[in-house]
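One file, structure.cif, is given below (mmCIF, C-alpha atoms).
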data_start
loop_
_atom_site.label_atom_id
_atom_site.label_comp_id
_atom_site.auth_asym_id
_atom_site.auth_seq_id
_atom_site.Cartn_x
_atom_site.Cartn_y
_atom_site.Cartn_z
CA ALA A 1 -3.72 7.46 -7.30
CA ASP A 2 -6.26 9.32 -9.46
CA ALA A 3 -4.50 12.61 -8.76
CA SER A 4 -1.15 11.04 -9.69
CA GLN A 5 -2.25 10.10 -13.19
CA GLY A 6 -5.10 12.37 -14.16
CA GLY A 7 -7.19 15.42 -13.56
CA VAL A 8 -8.92 14.18 -10.42
CA GLY A 9 -8.11 16.49 -7.54
CA LEU A 10 -10.72 15.15 -5.15
CA PHE A 11 -13.28 12.38 -4.99
CA TYR A 12 -15.81 11.24 -2.43
CA PHE A 13 -15.59 7.78 -0.95
CA VAL A 14 -19.08 6.96 0.28
CA GLY A 15 -18.89 5.94 3.90
CA GLY A 16 -15.26 7.02 4.14
CA THR A 17 -15.14 10.71 3.27
CA PRO A 18 -16.76 12.71 6.10
CA GLU A 19 -18.82 14.78 3.65
CA ALA A 20 -20.13 11.61 1.99
CA PRO A 21 -21.74 9.42 4.63
CA THR A 22 -24.26 8.25 2.01
CA LEU A 23 -24.48 8.13 -1.77
CA ASP A 24 -27.21 10.82 -1.73
CA ALA A 25 -24.99 13.13 0.33
CA ALA A 26 -22.07 12.61 -2.08
CA THR A 27 -24.08 13.11 -5.28
CA GLY A 28 -26.73 15.57 -4.13
CA SER A 29 -29.33 12.86 -4.88
CA LYS A 30 -28.46 13.00 -8.60
CA PRO A 31 -28.37 9.63 -10.32
CA CYS A 32 -24.90 8.36 -11.09
CA PRO A 33 -23.81 5.51 -13.34
CA ARG A 34 -23.16 2.14 -11.77
CA ILE A 35 -20.05 0.32 -12.93
CA GLU A 36 -19.70 -3.32 -12.02
CA VAL A 37 -16.03 -4.16 -11.51
CA THR A 38 -15.05 -7.49 -13.04
CA ALA A 39 -12.01 -9.69 -12.54
CA ALA A 40 -10.84 -8.73 -16.03
CA MET A 41 -10.97 -5.03 -15.07
CA VAL A 42 -8.97 -5.69 -11.90
CA ARG A 43 -6.41 -7.75 -13.84
CA ALA A 44 -6.05 -4.96 -16.43
CA ALA A 45 -5.61 -2.31 -13.72
CA GLN A 46 -3.01 -4.43 -11.94
CA ALA A 47 -1.11 -4.92 -15.19
CA GLY A 48 -1.35 -1.22 -16.03
CA LEU A 49 0.17 -0.24 -12.69
CA SER A 50 3.03 -2.77 -12.98
CA THR A 51 6.20 -2.16 -14.97
CA VAL A 52 7.61 -5.59 -14.14
CA THR A 53 5.74 -8.70 -15.23
CA GLY A 54 6.03 -12.31 -14.22
CA ALA A 55 6.71 -14.02 -10.94
CA GLY A 56 10.26 -12.93 -10.23
CA ARG A 57 12.43 -11.79 -7.37
CA ILE A 58 11.54 -8.58 -5.55
CA ASP A 59 13.94 -6.34 -3.63
CA ALA A 60 11.51 -4.47 -1.40
CA VAL A 61 7.88 -3.74 -0.64
CA ALA A 62 6.57 -0.21 -0.09
CA ILE A 63 3.15 0.51 1.36
CA GLY A 64 1.50 3.58 2.79
CA SER A 65 0.70 6.16 0.20
CA PRO A 66 -1.36 7.73 1.56
CA HIS A 67 0.26 7.11 4.94
CA LEU A 68 -0.85 3.98 6.76
CA SER A 69 -3.46 4.40 9.45
CA LEU A 70 -3.21 2.49 12.72
CA GLU A 71 -5.82 0.07 11.38
CA GLU A 72 -3.74 -0.57 8.26
CA VAL A 73 -0.63 -1.24 10.37
CA GLU A 74 -2.73 -3.71 12.37
CA SER A 75 -3.76 -5.39 9.10
CA LEU A 76 -0.10 -5.61 8.09
CA SER A 77 0.71 -7.20 11.45
CA GLU A 78 -2.13 -9.73 11.11
CA LEU A 79 -1.05 -10.67 7.58
CA LEU A 80 2.57 -11.13 8.64
CA ALA A 81 1.51 -13.15 11.70
CA GLU A 82 4.73 -14.55 13.20
CA ARG A 83 6.67 -14.58 9.93
CA LYS A 84 9.67 -12.45 8.99
CA ALA A 85 9.83 -10.79 5.59
CA ALA A 86 12.72 -11.86 3.36
CA VAL A 87 12.88 -8.33 1.93
CA PRO A 88 12.22 -5.03 3.72
CA ILE A 89 8.66 -3.78 3.94
CA TYR A 90 8.84 0.01 3.93
CA ALA A 91 5.73 1.12 5.81
CA CYS A 92 5.13 4.85 5.36
CA THR A 93 3.08 6.38 8.14
CA GLY A 94 2.75 9.47 10.28
CA ARG A 95 4.39 10.17 13.62
CA HIS A 96 1.00 10.04 15.34
CA VAL A 97 0.62 6.39 14.31
CA LEU A 98 4.18 5.62 15.36
CA ARG A 99 3.47 7.10 18.82
CA GLN A 100 0.44 4.83 19.14
CA LEU A 101 2.50 1.80 18.13
CA ASP A 102 5.21 2.70 20.64
CA ALA A 103 2.66 3.26 23.41
CA THR A 104 1.33 -0.27 22.94
CA ASP A 105 4.68 -1.99 22.25
CA ARG A 106 3.64 -2.99 18.72
CA ARG A 107 6.43 -1.28 16.79
CA LYS A 108 9.46 -3.37 17.77
CA PRO A 109 7.91 -6.76 16.89
CA LEU A 110 7.13 -5.46 13.40
CA GLU A 111 10.65 -4.10 13.01
CA ARG A 112 12.03 -7.54 13.95
CA GLN A 113 9.87 -8.91 11.11
CA ASN A 114 11.72 -6.62 8.67
CA VAL A 115 9.19 -3.77 8.61
CA VAL A 116 10.97 -0.43 8.21
CA PHE A 117 8.84 2.50 9.33
CA VAL A 118 9.20 5.61 7.18
CA ILE A 119 7.82 8.57 9.07
CA ASP A 120 6.09 11.64 7.59
CA THR A 121 7.43 11.02 4.07
CA CYS A 122 7.52 8.25 1.49
CA VAL A 123 10.00 6.23 -0.51
CA VAL A 124 9.27 7.94 -3.83
CA VAL A 125 10.12 11.48 -2.69
CA THR A 126 12.91 10.79 -0.17
CA PRO A 127 15.96 8.63 -1.02
CA ILE A 128 15.26 5.72 1.31
CA LEU A 129 15.47 2.71 -1.00
CA PRO A 130 18.94 1.32 -1.70
CA THR A 131 20.46 2.81 -4.86
CA GLY A 132 20.87 0.75 -7.97
CA GLY A 133 17.25 -0.05 -8.67
CA GLY A 134 15.55 -3.40 -8.60
CA THR A 135 11.95 -4.49 -8.21
CA LEU A 136 9.58 -2.85 -5.75
CA MET A 137 6.18 -4.29 -4.93
CA THR A 138 3.43 -1.97 -3.73
CA ASN A 139 -0.28 -1.72 -3.09
CA SER A 140 -0.23 2.03 -3.79
CA GLY A 141 -1.24 3.44 -7.16
CA LYS A 142 0.77 6.57 -6.34
CA PHE A 143 3.92 4.56 -5.63
CA ALA A 144 3.33 2.50 -8.78
CA HIS A 145 3.10 5.68 -10.85
CA TYR A 146 6.07 7.58 -9.40
CA ALA A 147 8.53 4.88 -8.30
CA PRO A 148 10.07 4.00 -11.69
CA GLY A 149 10.99 7.60 -12.49
CA ASN A 150 11.85 8.72 -8.96
CA THR A 151 13.66 5.64 -7.64
CA GLY A 152 14.83 3.62 -10.64
CA TYR A 153 12.89 0.60 -9.39
CA GLY A 154 10.52 -1.40 -11.54
CA VAL A 155 7.12 -1.94 -9.94
CA VAL A 156 4.78 -4.84 -9.31
CA TYR A 157 1.34 -3.78 -8.10
CA GLY A 158 -0.79 -5.97 -5.85
CA SER A 159 -3.00 -6.02 -2.79
CA LEU A 160 -1.67 -5.63 0.75
CA ALA A 161 -1.98 -9.40 1.17
CA ASP A 162 -0.03 -9.93 -2.07
CA CYS A 163 2.65 -7.51 -0.86
CA VAL A 164 3.04 -9.34 2.46
CA GLU A 165 3.15 -12.80 0.89
CA SER A 166 5.68 -11.56 -1.67
CA ALA A 167 7.84 -9.92 1.03
CA VAL A 168 7.91 -13.15 3.03
CA ALA A 169 8.78 -15.21 -0.06
CA GLY A 170 11.15 -12.65 -1.60
CA ARG A 171 9.40 -13.07 -4.94
CA THR A 172 6.19 -11.93 -6.60
CA ILE A 173 3.05 -13.66 -5.42
CA ILE A 174 -0.26 -12.42 -6.82
CA SER A 175 -3.47 -14.15 -5.79
CA GLU A 176 -6.51 -13.70 -7.98
CA ALA A 177 -8.70 -15.80 -5.68
CA ARG A 178 -10.56 -12.82 -4.21
CA TRP A 179 -11.20 -11.21 -7.60
#
Could you express the structure from this file as structure tokens?
Amino acid sequence: ADASQGGVGLFYFVGGTPEAPTLDAATGSKPCPRIEVTAAMVRAAQAGLSTVTGAGRIDAVAIGSPHLSLEEVESLSELLAERKAAVPIYACTGRHVLRQLDATDRRKPLERQNVVFVIDTCVVVTPILPTGGGTLMTNSGKFAHYAPGNTGYGVVYGSLADCVESAVAGRTIISEARW
């Protein structure tokens, strides 16, 4: 999302980026400022990434920018449990993840729950969403930035859990409990 809205071409995620297994490795042992993230900061970021406000109807959910990993698809499955989404959940992922889902028979149950797999592309660069606009919920800063201009959809930004709960309900559900 940083690259979508600013001059950040690359950043290190300590413990996630291979070149940054530790903070010292990522910073070269130079001191760096510590920023404590507050609930107010999270609320402001969520509002800044949303173009639609209030708890209204949604038309779709789009997740996976960057593409969902197998672990993220498993999280989606766990959050959905046995429920079916009232609106489509467009899950953007790579063909390698889809092959793994097919090999373990996990794809079809998700599709029956209204998960639409979008392979090797995403909904903001390929015309996948129904035309005419509406409201799209996402957990992706990139989708939130590009969707209004590229798709005509207004955006509500939330966590993956918020996206799943909203897809099941067919309306915006944002939980601040974990903030």
- Please evaluate the PyMOL selection byres ((chain A and resi 61) around 12) against the displayed coordinates and give the resulting residues as a PyMOL selection string. chain A and resi 57-60+62-64+76+85-92+114-117+123+129+134-140+143-144+147+153-172
- Message: I need the residue nearest A:Gly133 from this list: A:Thr17, A:Asp120, A:Asn150, A:Arg106. Use all atoms listed in the file for the distance.
- Response: A:Asn150
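Taking atom CA of A:Ile128 and atom CA of A:Gly152 as the two end points, the separation is 12.1 Å.
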- Query: By how many Å are atom CA of A:Glu111 and atom CA of A:Leu80 apart?
  - Reply: 11.6 Å
- Note on the structure: Using all atoms listed in the file, the shortest atom-to-atom distance to A:Ser77 among A:Gln100, A:Gln46, A:Thr51, A:Gln113 belongs to A:Gln113
- Return as a ChimeraX atom specification the set of residues that the PyMOL selection byres ((chain A and resi 119) around 8) yields on the displayed structure. /A:92-95,98,117-118,120-122
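Reported to one decimal place, the separation of atom CA of A:Ala177 from atom CA of A:Met41 is 14.5 Å.
When all atoms listed in the file are used to compute distances to A:Ser75, the closest of the residues A:Ala26, A:Gly48, A:Leu110, A:Gly149 turns out to be A:Leu110.
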First collect every listed atom of stretch 119-134 of chain A; then fit an axis-aligned box around them, widen it by 6 Å on each side, and give centre and edge lengths in Å to one decimal, as AutoDock Vina command-line options.
--center_x 13.5 --center_y 4.1 --center_z 0.2 --size_x 26.8 --size_y 27.0 --size_z 29.7
- Query: Of the candidates A:Arg107, A:His67, A:Lys142, A:Arg112, which shows the shortest atom-to-atom distance to A:Val124, using only C-alpha atoms?
  - Reply: A:Lys142
